[in-house]
file work26.pdb (PDB, C-alpha atoms and all ligand atoms)
ATOM      1  CA  MET A 290     -33.093 -63.944  30.610  1.00  0.00           C
ATOM      2  CA  SER A 291     -34.447 -62.099  27.580  1.00  0.00           C
ATOM      3  CA  GLU A 292     -34.289 -63.795  24.217  1.00  0.00           C
ATOM      4  CA  ASN A 293     -31.571 -62.512  21.885  1.00  0.00           C
ATOM      5  CA  VAL A 294     -33.735 -61.243  19.013  1.00  0.00           C
ATOM      6  CA  PHE A 295     -30.945 -59.987  16.825  1.00  0.00           C
ATOM      7  CA  GLU A 296     -27.556 -61.505  16.382  1.00  0.00           C
ATOM      8  CA  THR A 297     -24.831 -59.504  14.681  1.00  0.00           C
ATOM      9  CA  PRO A 298     -23.256 -61.609  11.946  1.00  0.00           C
ATOM     10  CA  LYS A 299     -19.476 -61.418  11.729  1.00  0.00           C
ATOM     11  CA  ARG A 300     -18.007 -61.036   8.262  1.00  0.00           C
ATOM     12  CA  GLU A 301     -14.557 -60.188   6.967  1.00  0.00           C
ATOM     13  CA  PHE A 302     -14.108 -56.494   6.199  1.00  0.00           C
ATOM     14  CA  PHE A 303     -13.079 -56.916   2.546  1.00  0.00           C
ATOM     15  CA  ASP A 304     -15.913 -59.323   1.935  1.00  0.00           C
ATOM     16  CA  VAL A 305     -18.355 -56.697   3.199  1.00  0.00           C
ATOM     17  CA  LEU A 306     -16.642 -53.974   1.171  1.00  0.00           C
ATOM     18  CA  ASN A 307     -16.534 -55.897  -2.094  1.00  0.00           C
ATOM     19  CA  THR A 308     -20.048 -57.312  -1.933  1.00  0.00           C
ATOM     20  CA  ARG A 309     -21.836 -54.055  -1.162  1.00  0.00           C
ATOM     21  CA  LYS A 310     -24.130 -53.162  -4.007  1.00  0.00           C
ATOM     22  CA  THR A 311     -27.171 -51.038  -4.570  1.00  0.00           C
ATOM     23  CA  ILE A 312     -30.396 -53.025  -4.216  1.00  0.00           C
ATOM     24  CA  ARG A 313     -33.775 -51.451  -4.892  1.00  0.00           C
ATOM     25  CA  LYS A 314     -36.131 -54.385  -4.240  1.00  0.00           C
ATOM     26  CA  TYR A 315     -36.901 -55.594  -0.735  1.00  0.00           C
ATOM     27  CA  THR A 316     -39.002 -58.256   0.936  1.00  0.00           C
ATOM     28  CA  ASN A 317     -41.757 -57.252   3.362  1.00  0.00           C
ATOM     29  CA  LYS A 318     -39.670 -58.354   6.352  1.00  0.00           C
ATOM     30  CA  ILE A 319     -39.067 -55.391   8.649  1.00  0.00           C
ATOM     31  CA  PRO A 320     -35.470 -54.875   9.842  1.00  0.00           C
ATOM     32  CA  PRO A 321     -35.376 -54.843  13.651  1.00  0.00           C
ATOM     33  CA  VAL A 322     -34.634 -51.598  15.442  1.00  0.00           C
ATOM     34  CA  GLU A 323     -31.455 -53.215  16.840  1.00  0.00           C
ATOM     35  CA  ALA A 324     -30.103 -53.571  13.298  1.00  0.00           C
ATOM     36  CA  ILE A 325     -31.120 -50.037  12.338  1.00  0.00           C
ATOM     37  CA  LYS A 326     -29.368 -48.727  15.448  1.00  0.00           C
ATOM     38  CA  ILE A 327     -26.168 -50.571  14.481  1.00  0.00           C
ATOM     39  CA  ILE A 328     -26.336 -48.914  11.043  1.00  0.00           C
ATOM     40  CA  ALA A 329     -26.877 -45.440  12.525  1.00  0.00           C
ATOM     41  CA  ASP A 330     -24.025 -46.112  14.935  1.00  0.00           C
ATOM     42  CA  ALA A 331     -21.726 -46.937  12.005  1.00  0.00           C
ATOM     43  CA  GLY A 332     -22.607 -43.514  10.575  1.00  0.00           C
ATOM     44  CA  ARG A 333     -21.763 -41.917  13.899  1.00  0.00           C
ATOM     45  CA  GLN A 334     -18.255 -43.469  13.794  1.00  0.00           C
ATOM     46  CA  ALA A 335     -17.359 -41.748  10.502  1.00  0.00           C
ATOM     47  CA  PRO A 336     -14.738 -39.023  10.269  1.00  0.00           C
ATOM     48  CA  SER A 337     -15.985 -35.457   9.836  1.00  0.00           C
ATOM     49  CA  ALA A 338     -14.262 -32.178   9.034  1.00  0.00           C
ATOM     50  CA  THR A 339     -12.871 -30.737  12.297  1.00  0.00           C
ATOM     51  CA  ASN A 340     -14.843 -33.517  13.988  1.00  0.00           C
ATOM     52  CA  THR A 341     -18.006 -31.440  13.709  1.00  0.00           C
ATOM     53  CA  GLN A 342     -20.274 -34.516  13.408  1.00  0.00           C
ATOM     54  CA  ASN A 343     -22.930 -32.205  12.024  1.00  0.00           C
ATOM     55  CA  TRP A 344     -25.305 -34.973  11.061  1.00  0.00           C
ATOM     56  CA  GLU A 345     -28.522 -36.566  12.171  1.00  0.00           C
ATOM     57  CA  PHE A 346     -29.775 -39.961  11.029  1.00  0.00           C
ATOM     58  CA  ILE A 347     -33.562 -40.313  11.034  1.00  0.00           C
ATOM     59  CA  ALA A 348     -34.884 -43.848  10.532  1.00  0.00           C
ATOM     60  CA  ILE A 349     -38.360 -43.750   9.023  1.00  0.00           C
ATOM     61  CA  TYR A 350     -40.462 -46.882   9.458  1.00  0.00           C
ATOM     62  CA  ASP A 351     -43.764 -45.014   9.158  1.00  0.00           C
ATOM     63  CA  ASP A 352     -45.419 -45.747   5.771  1.00  0.00           C
ATOM     64  CA  THR A 353     -47.581 -42.638   5.999  1.00  0.00           C
ATOM     65  CA  MET A 354     -44.489 -40.468   6.323  1.00  0.00           C
ATOM     66  CA  LYS A 355     -42.833 -42.251   3.359  1.00  0.00           C
ATOM     67  CA  GLU A 356     -45.974 -41.681   1.277  1.00  0.00           C
ATOM     68  CA  LYS A 357     -46.073 -38.004   2.221  1.00  0.00           C
ATOM     69  CA  MET A 358     -42.441 -37.617   1.198  1.00  0.00           C
ATOM     70  CA  ALA A 359     -43.035 -39.443  -2.094  1.00  0.00           C
ATOM     71  CA  LYS A 360     -46.032 -37.222  -2.849  1.00  0.00           C
ATOM     72  CA  CYS A 361     -43.774 -34.167  -2.461  1.00  0.00           C
ATOM     73  CA  VAL A 362     -41.267 -35.729  -4.877  1.00  0.00           C
ATOM     74  CA  GLU A 363     -44.029 -36.524  -7.367  1.00  0.00           C
ATOM     75  CA  ASN A 364     -45.380 -32.981  -7.209  1.00  0.00           C
ATOM     76  CA  LYS A 365     -41.889 -31.606  -7.869  1.00  0.00           C
ATOM     77  CA  TYR A 366     -41.477 -33.879 -10.890  1.00  0.00           C
ATOM     78  CA  ASP A 367     -44.866 -32.752 -12.240  1.00  0.00           C
ATOM     79  CA  GLU A 368     -43.771 -29.160 -11.779  1.00  0.00           C
ATOM     80  CA  LEU A 369     -40.497 -29.853 -13.607  1.00  0.00           C
ATOM     81  CA  GLN A 370     -42.291 -31.700 -16.438  1.00  0.00           C
ATOM     82  CA  ASN A 371     -44.393 -28.595 -17.045  1.00  0.00           C
ATOM     83  CA  ARG A 372     -41.244 -26.532 -17.453  1.00  0.00           C
ATOM     84  CA  VAL A 373     -39.567 -28.913 -19.922  1.00  0.00           C
ATOM     85  CA  GLU A 374     -40.633 -28.554 -23.554  1.00  0.00           C
ATOM     86  CA  ASN A 375     -38.620 -31.190 -25.415  1.00  0.00           C
ATOM     87  CA  GLU A 376     -40.408 -34.572 -25.491  1.00  0.00           C
ATOM     88  CA  ILE A 377     -37.168 -36.592 -25.203  1.00  0.00           C
ATOM     89  CA  ASP A 378     -36.117 -34.616 -22.141  1.00  0.00           C
ATOM     90  CA  LYS A 379     -39.600 -35.131 -20.703  1.00  0.00           C
ATOM     91  CA  ALA A 380     -39.253 -38.912 -21.160  1.00  0.00           C
ATOM     92  CA  LYS A 381     -35.785 -38.896 -19.560  1.00  0.00           C
ATOM     93  CA  LEU A 382     -37.107 -36.910 -16.621  1.00  0.00           C
ATOM     94  CA  ASN A 383     -39.898 -39.442 -16.253  1.00  0.00           C
ATOM     95  CA  GLY A 384     -37.244 -42.188 -16.054  1.00  0.00           C
ATOM     96  CA  TYR A 385     -35.633 -40.408 -13.105  1.00  0.00           C
ATOM     97  CA  LYS A 386     -38.969 -40.369 -11.331  1.00  0.00           C
ATOM     98  CA  TYR A 387     -38.839 -44.112 -10.627  1.00  0.00           C
ATOM     99  CA  TYR A 388     -35.313 -43.792  -9.245  1.00  0.00           C
ATOM    100  CA  SER A 389     -36.598 -41.024  -6.974  1.00  0.00           C
ATOM    101  CA  MET A 390     -39.709 -42.634  -5.626  1.00  0.00           C
ATOM    102  CA  PHE A 391     -39.229 -46.359  -5.007  1.00  0.00           C
ATOM    103  CA  PHE A 392     -38.122 -45.572  -1.455  1.00  0.00           C
ATOM    104  CA  THR A 393     -41.781 -45.881  -0.410  1.00  0.00           C
ATOM    105  CA  LYS A 394     -41.381 -49.653  -0.948  1.00  0.00           C
ATOM    106  CA  ALA A 395     -38.409 -49.902   1.418  1.00  0.00           C
ATOM    107  CA  PRO A 396     -39.239 -51.087   4.947  1.00  0.00           C
ATOM    108  CA  VAL A 397     -36.943 -48.422   6.438  1.00  0.00           C
ATOM    109  CA  VAL A 398     -35.707 -45.172   4.962  1.00  0.00           C
ATOM    110  CA  PHE A 399     -32.962 -43.172   6.602  1.00  0.00           C
ATOM    111  CA  ALA A 400     -33.030 -39.433   6.026  1.00  0.00           C
ATOM    112  CA  ILE A 401     -29.506 -38.151   6.485  1.00  0.00           C
ATOM    113  CA  VAL A 402     -29.516 -34.581   7.681  1.00  0.00           C
ATOM    114  CA  GLU A 403     -26.608 -32.186   7.284  1.00  0.00           C
ATOM    115  CA  GLN A 404     -26.773 -29.728  10.138  1.00  0.00           C
ATOM    116  CA  LYS A 405     -25.692 -26.154   9.680  1.00  0.00           C
ATOM    117  CA  ARG A 406     -22.013 -25.892  10.488  1.00  0.00           C
ATOM    118  CA  VAL A 407     -20.042 -22.768  11.313  1.00  0.00           C
ATOM    119  CA  SER A 408     -16.451 -23.171  10.147  1.00  0.00           C
ATOM    120  CA  THR A 409     -14.019 -21.240  12.358  1.00  0.00           C
ATOM    121  CA  MET A 410     -11.488 -21.021   9.541  1.00  0.00           C
ATOM    122  CA  LEU A 411     -14.037 -19.652   7.091  1.00  0.00           C
ATOM    123  CA  THR A 412     -15.286 -17.139   9.642  1.00  0.00           C
ATOM    124  CA  ILE A 413     -11.749 -15.838  10.184  1.00  0.00           C
ATOM    125  CA  LEU A 414     -11.001 -15.661   6.475  1.00  0.00           C
ATOM    126  CA  GLU A 415     -14.325 -14.002   5.668  1.00  0.00           C
ATOM    127  CA  LYS A 416     -13.727 -11.380   8.362  1.00  0.00           C
ATOM    128  CA  ASN A 417     -10.383 -10.638   6.734  1.00  0.00           C
ATOM    129  CA  GLY A 418     -11.693  -9.888   3.303  1.00  0.00           C
ATOM    130  CA  MET A 419     -11.308 -13.172   1.390  1.00  0.00           C
ATOM    131  CA  THR A 420     -13.512 -13.388  -1.683  1.00  0.00           C
ATOM    132  CA  LYS A 421     -16.160 -16.108  -2.087  1.00  0.00           C
ATOM    133  CA  GLU A 422     -13.940 -17.836  -4.643  1.00  0.00           C
ATOM    134  CA  GLU A 423     -10.955 -17.887  -2.267  1.00  0.00           C
ATOM    135  CA  LEU A 424     -13.170 -19.158   0.545  1.00  0.00           C
ATOM    136  CA  ASN A 425     -14.362 -22.002  -1.684  1.00  0.00           C
ATOM    137  CA  CYS A 426     -10.752 -23.054  -2.262  1.00  0.00           C
ATOM    138  CA  TYR A 427     -10.124 -23.341   1.467  1.00  0.00           C
ATOM    139  CA  ASP A 428     -13.214 -25.139   2.625  1.00  0.00           C
ATOM    140  CA  ASN A 429     -15.048 -26.200  -0.412  1.00  0.00           C
ATOM    141  CA  ARG A 430     -17.113 -29.236   0.421  1.00  0.00           C
ATOM    142  CA  SER A 431     -15.794 -30.629   3.664  1.00  0.00           C
ATOM    143  CA  SER A 432     -19.220 -30.802   5.276  1.00  0.00           C
ATOM    144  CA  ILE A 433     -20.831 -32.722   2.430  1.00  0.00           C
ATOM    145  CA  LEU A 434     -17.796 -35.043   2.259  1.00  0.00           C
ATOM    146  CA  SER A 435     -18.294 -35.825   5.941  1.00  0.00           C
ATOM    147  CA  MET A 436     -21.902 -36.788   5.216  1.00  0.00           C
ATOM    148  CA  GLY A 437     -20.688 -39.094   2.428  1.00  0.00           C
ATOM    149  CA  ALA A 438     -18.274 -40.807   4.815  1.00  0.00           C
ATOM    150  CA  ALA A 439     -21.121 -41.464   7.253  1.00  0.00           C
ATOM    151  CA  ILE A 440     -23.451 -42.785   4.571  1.00  0.00           C
ATOM    152  CA  GLU A 441     -20.837 -45.162   3.163  1.00  0.00           C
ATOM    153  CA  ASN A 442     -20.186 -46.461   6.702  1.00  0.00           C
ATOM    154  CA  MET A 443     -23.922 -47.053   7.052  1.00  0.00           C
ATOM    155  CA  SER A 444     -24.167 -48.848   3.691  1.00  0.00           C
ATOM    156  CA  LEU A 445     -21.310 -51.157   4.644  1.00  0.00           C
ATOM    157  CA  ALA A 446     -22.745 -51.859   8.087  1.00  0.00           C
ATOM    158  CA  ALA A 447     -26.082 -52.744   6.498  1.00  0.00           C
ATOM    159  CA  ASN A 448     -24.347 -55.123   4.095  1.00  0.00           C
ATOM    160  CA  ALA A 449     -22.476 -56.733   6.982  1.00  0.00           C
ATOM    161  CA  LEU A 450     -25.858 -57.377   8.624  1.00  0.00           C
ATOM    162  CA  GLY A 451     -27.292 -58.961   5.480  1.00  0.00           C
ATOM    163  CA  LEU A 452     -29.405 -55.902   4.694  1.00  0.00           C
ATOM    164  CA  ALA A 453     -29.634 -54.146   1.333  1.00  0.00           C
ATOM    165  CA  THR A 454     -29.483 -50.416   0.727  1.00  0.00           C
ATOM    166  CA  CYS A 455     -29.820 -47.758  -1.914  1.00  0.00           C
ATOM    167  CA  TRP A 456     -28.227 -44.372  -1.380  1.00  0.00           C
ATOM    168  CA  MET A 457     -30.556 -41.796  -2.926  1.00  0.00           C
ATOM    169  CA  CYS A 458     -30.144 -38.168  -3.891  1.00  0.00           C
ATOM    170  CA  ALA A 459     -32.704 -37.899  -6.697  1.00  0.00           C
ATOM    171  CA  PRO A 460     -35.636 -37.454  -4.231  1.00  0.00           C
ATOM    172  CA  LEU A 461     -33.958 -34.289  -2.992  1.00  0.00           C
ATOM    173  CA  VAL A 462     -35.848 -32.263  -5.574  1.00  0.00           C
ATOM    174  CA  ALA A 463     -38.216 -32.040  -2.589  1.00  0.00           C
ATOM    175  CA  TYR A 464     -35.590 -31.233   0.047  1.00  0.00           C
ATOM    176  CA  LYS A 465     -37.458 -28.163   1.302  1.00  0.00           C
ATOM    177  CA  GLU A 466     -40.646 -30.168   1.799  1.00  0.00           C
ATOM    178  CA  PHE A 467     -38.634 -32.920   3.570  1.00  0.00           C
ATOM    179  CA  SER A 468     -37.306 -30.296   6.023  1.00  0.00           C
ATOM    180  CA  GLU A 469     -40.832 -29.419   7.052  1.00  0.00           C
ATOM    181  CA  LEU A 470     -42.164 -32.970   7.156  1.00  0.00           C
ATOM    182  CA  LEU A 471     -39.239 -34.242   9.232  1.00  0.00           C
ATOM    183  CA  ASN A 472     -38.968 -31.112  11.339  1.00  0.00           C
ATOM    184  CA  ILE A 473     -35.196 -30.953  11.029  1.00  0.00           C
ATOM    185  CA  GLY A 474     -34.646 -27.375  12.173  1.00  0.00           C
ATOM    186  CA  LYS A 475     -33.715 -24.163  10.425  1.00  0.00           C
ATOM    187  CA  GLY A 476     -30.537 -24.174   8.341  1.00  0.00           C
ATOM    188  CA  ASN A 477     -30.382 -27.998   8.292  1.00  0.00           C
ATOM    189  CA  LYS A 478     -30.888 -29.999   5.123  1.00  0.00           C
ATOM    190  CA  VAL A 479     -31.729 -33.571   4.124  1.00  0.00           C
ATOM    191  CA  ILE A 480     -28.802 -34.419   1.853  1.00  0.00           C
ATOM    192  CA  SER A 481     -29.526 -38.095   1.120  1.00  0.00           C
ATOM    193  CA  LEU A 482     -31.944 -40.907   1.744  1.00  0.00           C
ATOM    194  CA  LEU A 483     -30.695 -44.416   2.422  1.00  0.00           C
ATOM    195  CA  THR A 484     -33.229 -47.205   1.948  1.00  0.00           C
ATOM    196  CA  VAL A 485     -32.815 -50.336   4.040  1.00  0.00           C
ATOM    197  CA  GLY A 486     -34.458 -53.721   3.698  1.00  0.00           C
ATOM    198  CA  TYR A 487     -33.869 -57.409   3.130  1.00  0.00           C
ATOM    199  CA  PRO A 488     -32.990 -58.050  -0.529  1.00  0.00           C
ATOM    200  CA  ASP A 489     -35.820 -59.603  -2.517  1.00  0.00           C
ATOM    201  CA  GLY A 490     -33.761 -62.248  -4.324  1.00  0.00           C
ATOM    202  CA  ASP A 491     -30.064 -62.986  -4.565  1.00  0.00           C
ATOM    203  CA  ASN A 492     -29.189 -62.348  -8.198  1.00  0.00           C
ATOM    204  CA  PHE A 493     -28.826 -58.562  -8.224  1.00  0.00           C
ATOM    205  CA  THR A 494     -25.945 -57.509 -10.415  1.00  0.00           C
ATOM    206  CA  ARG A 495     -23.766 -54.557  -9.731  1.00  0.00           C
ATOM    207  CA  PRO A 496     -22.963 -52.093 -12.524  1.00  0.00           C
ATOM    208  CA  PRO A 497     -19.383 -52.626 -13.716  1.00  0.00           C
ATOM    209  CA  LYS A 498     -16.597 -50.749 -11.998  1.00  0.00           C
ATOM    210  CA  LYS A 499     -13.643 -49.140 -13.734  1.00  0.00           C
ATOM    211  CA  THR A 500     -10.455 -51.179 -13.473  1.00  0.00           C
ATOM    212  CA  LEU A 501      -7.828 -50.284 -10.899  1.00  0.00           C
ATOM    213  CA  GLU A 502      -5.480 -49.291 -13.743  1.00  0.00           C
ATOM    214  CA  GLU A 503      -8.005 -46.712 -14.941  1.00  0.00           C
ATOM    215  CA  VAL A 504      -8.352 -44.955 -11.607  1.00  0.00           C
ATOM    216  CA  PHE A 505      -5.059 -45.427  -9.820  1.00  0.00           C
ATOM    217  CA  ARG A 506      -1.488 -44.344 -10.347  1.00  0.00           C
ATOM    218  CA  ILE A 507       1.608 -44.234  -8.218  1.00  0.00           C
ATOM    219  CA  ILE A 508       4.091 -41.418  -8.116  1.00  0.00           C
ATOM    220  CA  ARG A 509       7.471 -42.395  -6.650  1.00  0.00           C
TER
HETATM  221  C1  LIG B   1     -24.500 -39.859  -3.986  1.00  0.00           C
HETATM  222  C2  LIG B   1     -25.333 -40.954  -4.614  1.00  0.00           C
HETATM  223  C3  LIG B   1     -26.619 -40.698  -5.017  1.00  0.00           C
HETATM  224  C4  LIG B   1     -27.419 -41.715  -5.558  1.00  0.00           C
HETATM  225  N1  LIG B   1     -28.729 -41.445  -5.866  1.00  0.00           N
HETATM  226  C5  LIG B   1     -29.520 -42.442  -6.322  1.00  0.00           C
HETATM  227  C6  LIG B   1     -30.911 -42.206  -6.530  1.00  0.00           C
HETATM  228  O1  LIG B   1     -31.430 -41.136  -6.289  1.00  0.00           O
HETATM  229  N2  LIG B   1     -31.683 -43.228  -6.975  1.00  0.00           N
HETATM  230  C7  LIG B   1     -31.159 -44.470  -7.219  1.00  0.00           C
HETATM  231  O2  LIG B   1     -31.921 -45.359  -7.617  1.00  0.00           O
HETATM  232  N3  LIG B   1     -29.827 -44.732  -7.019  1.00  0.00           N
HETATM  233  C8  LIG B   1     -29.007 -43.757  -6.564  1.00  0.00           C
HETATM  234  N4  LIG B   1     -27.682 -44.005  -6.289  1.00  0.00           N
HETATM  235  C9  LIG B   1     -27.142 -45.376  -6.477  1.00  0.00           C
HETATM  236  C10 LIG B   1     -26.226 -45.459  -7.687  1.00  0.00           C
HETATM  237  O3  LIG B   1     -26.994 -45.521  -8.861  1.00  0.00           O
HETATM  238  C11 LIG B   1     -25.302 -46.701  -7.535  1.00  0.00           C
HETATM  239  O4  LIG B   1     -24.497 -46.537  -6.406  1.00  0.00           O
HETATM  240  C12 LIG B   1     -24.420 -46.902  -8.763  1.00  0.00           C
HETATM  241  O5  LIG B   1     -25.188 -47.259  -9.887  1.00  0.00           O
HETATM  242  C13 LIG B   1     -23.342 -47.959  -8.533  1.00  0.00           C
HETATM  243  O6  LIG B   1     -23.906 -49.177  -8.148  1.00  0.00           O
HETATM  244  P1  LIG B   1     -23.443 -49.910  -6.799  1.00  0.00           P
HETATM  245  O7  LIG B   1     -23.888 -49.036  -5.651  1.00  0.00           O
HETATM  246  O8  LIG B   1     -24.169 -51.202  -6.816  1.00  0.00           O
HETATM  247  O9  LIG B   1     -21.958 -50.051  -6.818  1.00  0.00           O
HETATM  248  C14 LIG B   1     -26.869 -43.018  -5.740  1.00  0.00           C
HETATM  249  C15 LIG B   1     -25.556 -43.268  -5.318  1.00  0.00           C
HETATM  250  C16 LIG B   1     -24.798 -42.261  -4.754  1.00  0.00           C
HETATM  251  C17 LIG B   1     -23.403 -42.569  -4.263  1.00  0.00           C
END
call {"tool": "encode", "arguments": {"input": "work26.pdb", "output": "structure tokens"}}
result
Amino acid sequence: MSENVFETPKREFFDVLNTRKTIRKYTNKIPPVEAIKIIADAGRQAPSATNTQNWEFIAIYDDTMKEKMAKCVENKYDELQNRVENEIDKAKLNGYKYYSMFFTKAPVVFAIVEQKRVSTMLTILEKNGMTKEELNCYDNRSSILSMGAAIENMSLAANALGLATCWMCAPLVAYKEFSELLNIGKGNKVISLLTVGYPDGDNFTRPPKKTLEEVFRIIR
């Protein structure tokens, strides 16, 4: 009988939900493919507008690929720096650079790809003379919301497995270059990265959340 190399820990749902936090520092331990598959599978279970499931989850272990992607991000930031004149803005932009590039230090990086989706409803409405503004009202961001649902599922699954993540959009300054490097097909777009690794330490704090009273009301 083959040795069970990866055991799925069982944790209460609300424990997983309430302890999820962004972690940007990882040990060198490499998450097993079994764990990464469980995370991708959690993404696959997410709801999507009209059940299109127009996503692909690419798990990048390859350091050379991560470095290539980071180089593209760095080049973009250099390009942007040249276009910004104000020194304070330049410094702020430089601050973003770290939050865009540390993914090279993560043992695994998911690239989440939004595949081109043809909405039947939009096609019908467009054919019948609706303006762009009207079309936006009907199907504004359902595809991107579906991606968000998948990524949150993946973040929670990783937490349940004792793995840490950081959801990243800042590197997408280089989204066109990512398309080529990852060969994701015409019309498709990398819309987020999700780093995965074992947390390096156990005292990471989470930025404060608004209170329930601030964000919730009941109408009855
Ligand atoms: C859509 C999205 C994009 C994000 N992009 C980045 C990013 O590019 N770099 C980064 O370091 N953190 C990024 N974050 C992580 C947020 O900074 C983090 O979720 C937030 O500070 C709240 O902390 P928590 O996740 O621990 O609750 C992103 C989070 C979301 C949801």
call {"tool": "closest_residue", "arguments": {"input": "work26.pdb", "among": "A:Asn317, A:Gln404, A:Thr500, A:Asn425", "to": "A:Ile473", "atoms": "all atoms listed in the file"}}
result
A:Gln404
call {"tool": "atom_distance", "arguments": {"input": "work26.pdb", "atom1": "atom CA of A:Pro488", "atom2": "atom CA of A:Phe391"}}
result
14.0 Å
call {"tool": "residues_near_ligand", "arguments": {"input": "work26.pdb", "ligand": "ligand LIG 1 (chain B)", "cutoff": "9 Å", "atoms": "only C-alpha atoms and all ligand atoms", "output": "ChimeraX atom specification"}}
result
/A:308-313,385-392,437,440-441,454-461,481-482,493-498
call {"tool": "atom_distance", "arguments": {"input": "work26.pdb", "atom1": "atom CA of A:Ala348", "atom2": "atom CA of A:Ala395"}}
result
11.5 Å
call {"tool": "closest_residue", "arguments": {"input": "work26.pdb", "among": "A:Pro396, A:Pro298, A:Gly476, A:Gly418", "to": "A:Asp352", "atoms": "all atoms listed in the file"}}
result
A:Pro396
call {"tool": "resolve_selection", "arguments": {"input": "work26.pdb", "expression": "the PyMOL selection byres (((chain A and resi 490) around 10) and not hetatm)", "output": "PyMOL selection string"}}
result
chain A and resi 312+314-316+487-489+491-493
call {"tool": "write_last_selection", "arguments": {"input": "work26.pdb", "atoms": "C-alpha atoms", "output": "CSV table (one decimal), in the coordinates of the input"}}
result
chain,number,residue,atom,x,y,z
A,312,ILE,CA,-30.4,-53.0,-4.2
A,314,LYS,CA,-36.1,-54.4,-4.2
A,315,TYR,CA,-36.9,-55.6,-0.7
A,316,THR,CA,-39.0,-58.3,0.9
A,487,TYR,CA,-33.9,-57.4,3.1
A,488,PRO,CA,-33.0,-58.0,-0.5
A,489,ASP,CA,-35.8,-59.6,-2.5
A,491,ASP,CA,-30.1,-63.0,-4.6
A,492,ASN,CA,-29.2,-62.3,-8.2
A,493,PHE,CA,-28.8,-58.6,-8.2
call {"tool": "closest_residue", "arguments": {"input": "work26.pdb", "among": "A:Leu414, A:Ala335, A:Val485, A:Ala463", "to": "A:Lys318", "atoms": "all atoms listed in the file"}}
result
A:Val485
call {"tool": "resolve_selection", "arguments": {"input": "work26.pdb", "expression": "the PyMOL selection byres (((chain A and resi 349) around 8) and not hetatm)", "output": "VMD selection string"}}
result
chain A and resid 347 to 348 350 to 351 354 to 355 397 to 400
call {"tool": "closest_residue", "arguments": {"input": "work26.pdb", "among": "A:Asn383, A:Thr484, A:Ser408, A:Thr353", "to": "A:Tyr366", "atoms": "all atoms listed in the file"}}
result
A:Asn383
call {"tool": "resolve_selection", "arguments": {"input": "work26.pdb", "expression": "the PyMOL selection byres (((chain A and resi 477) around 10) and not hetatm)", "output": "list in words"}}
result
Asn343, Trp344, Glu345, Val402, Glu403, Gln404, Lys405, Arg406, Lys465, Ser468, Asn472, Ile473, Gly474, Lys475, Gly476, Lys478, Val479 and Ile480 of chain A
call {"tool": "closest_residue", "arguments": {"input": "work26.pdb", "among": "A:Gly451, A:Glu422, A:Thr393, A:Met436", "to": "A:Ala359", "atoms": "all atoms listed in the file"}}
result
A:Thr393
call {"tool": "axis_aligned_box", "arguments": {"input": "work26.pdb", "around": "stretch 370-373 of chain A", "padding_each_side": "5 Å", "output": "lines of an AutoDock Vina configuration file"}}
result
center_x = -42.0
center_y = -29.1
center_z = -18.2
size_x = 14.8
size_y = 15.2
size_z = 13.5
call {"tool": "closest_residue", "arguments": {"input": "work26.pdb", "among": "A:Leu445, A:Leu369, A:Met419, A:Val462", "to": "A:Leu382", "atoms": "all atoms listed in the file"}}
result
A:Leu369
call {"tool": "atom_distance", "arguments": {"input": "work26.pdb", "atom1": "atom CA of A:Phe346", "atom2": "atom CA of A:Ala329"}}
result
6.4 Å
call {"tool": "residues_around", "arguments": {"input": "work26.pdb", "residues": "A:Asn442", "least_positions_apart": "6", "cutoff": "8 Å", "atoms": "only C-alpha atoms", "output": "list in words"}}
result
Ile328, Ala331, Gly332, Gln334 and Ala335 of chain A
call {"tool": "write_last_selection", "arguments": {"input": "work26.pdb", "atoms": "C-alpha atoms", "output": "JSON list (two decimals), in the coordinates of the input"}}
result
[["chain", "number", "residue", "atom", "x", "y", "z"],
["A", 328, "ILE", "CA", -26.34, -48.91, 11.04],
["A", 331, "ALA", "CA", -21.73, -46.94, 12.00],
["A", 332, "GLY", "CA", -22.61, -43.51, 10.58],
["A", 334, "GLN", "CA", -18.26, -43.47, 13.79],
["A", 335, "ALA", "CA", -17.36, -41.75, 10.50]]
call {"tool": "decode", "arguments": {"input": "work26.pdb", "residues": "stretch 362-386 of chain A", "atoms": "C-alpha atoms", "output": "mmCIF file, in the first residue's frame"}}
result
data_model
loop_
_atom_site.group_PDB
_atom_site.id
_atom_site.type_symbol
_atom_site.label_atom_id
_atom_site.label_comp_id
_atom_site.auth_asym_id
_atom_site.auth_seq_id
_atom_site.Cartn_x
_atom_site.Cartn_y
_atom_site.Cartn_z
ATOM 1 C CA VAL A 362 6.490 43.617 -13.328
ATOM 2 C CA GLU A 363 9.743 45.411 -12.514
ATOM 3 C CA ASN A 364 10.088 46.690 -16.071
ATOM 4 C CA LYS A 365 6.524 48.029 -15.949
ATOM 5 C CA TYR A 366 7.228 49.834 -12.677
ATOM 6 C CA ASP A 367 10.390 51.371 -14.169
ATOM 7 C CA GLU A 368 8.344 52.510 -17.140
ATOM 8 C CA LEU A 369 5.716 54.032 -14.834
ATOM 9 C CA GLN A 370 8.376 55.740 -12.677
ATOM 10 C CA ASN A 371 9.678 57.492 -15.785
ATOM 11 C CA ARG A 372 6.219 58.876 -16.465
ATOM 12 C CA VAL A 373 5.654 60.195 -12.928
ATOM 13 C CA GLU A 374 7.189 63.589 -12.159
ATOM 14 C CA ASN A 375 6.267 64.265 -8.532
ATOM 15 C CA GLU A 376 8.852 62.833 -6.103
ATOM 16 C CA ILE A 377 6.242 61.877 -3.470
ATOM 17 C CA ASP A 378 4.216 59.980 -6.054
ATOM 18 C CA LYS A 379 7.420 58.295 -7.222
ATOM 19 C CA ALA A 380 8.141 57.141 -3.648
ATOM 20 C CA LYS A 381 4.568 55.860 -3.225
ATOM 21 C CA LEU A 382 4.818 53.966 -6.493
ATOM 22 C CA ASN A 383 8.064 52.439 -5.280
ATOM 23 C CA GLY A 384 6.213 51.233 -2.160
ATOM 24 C CA TYR A 385 3.724 49.382 -4.359
ATOM 25 C CA LYS A 386 6.589 47.632 -6.094
#
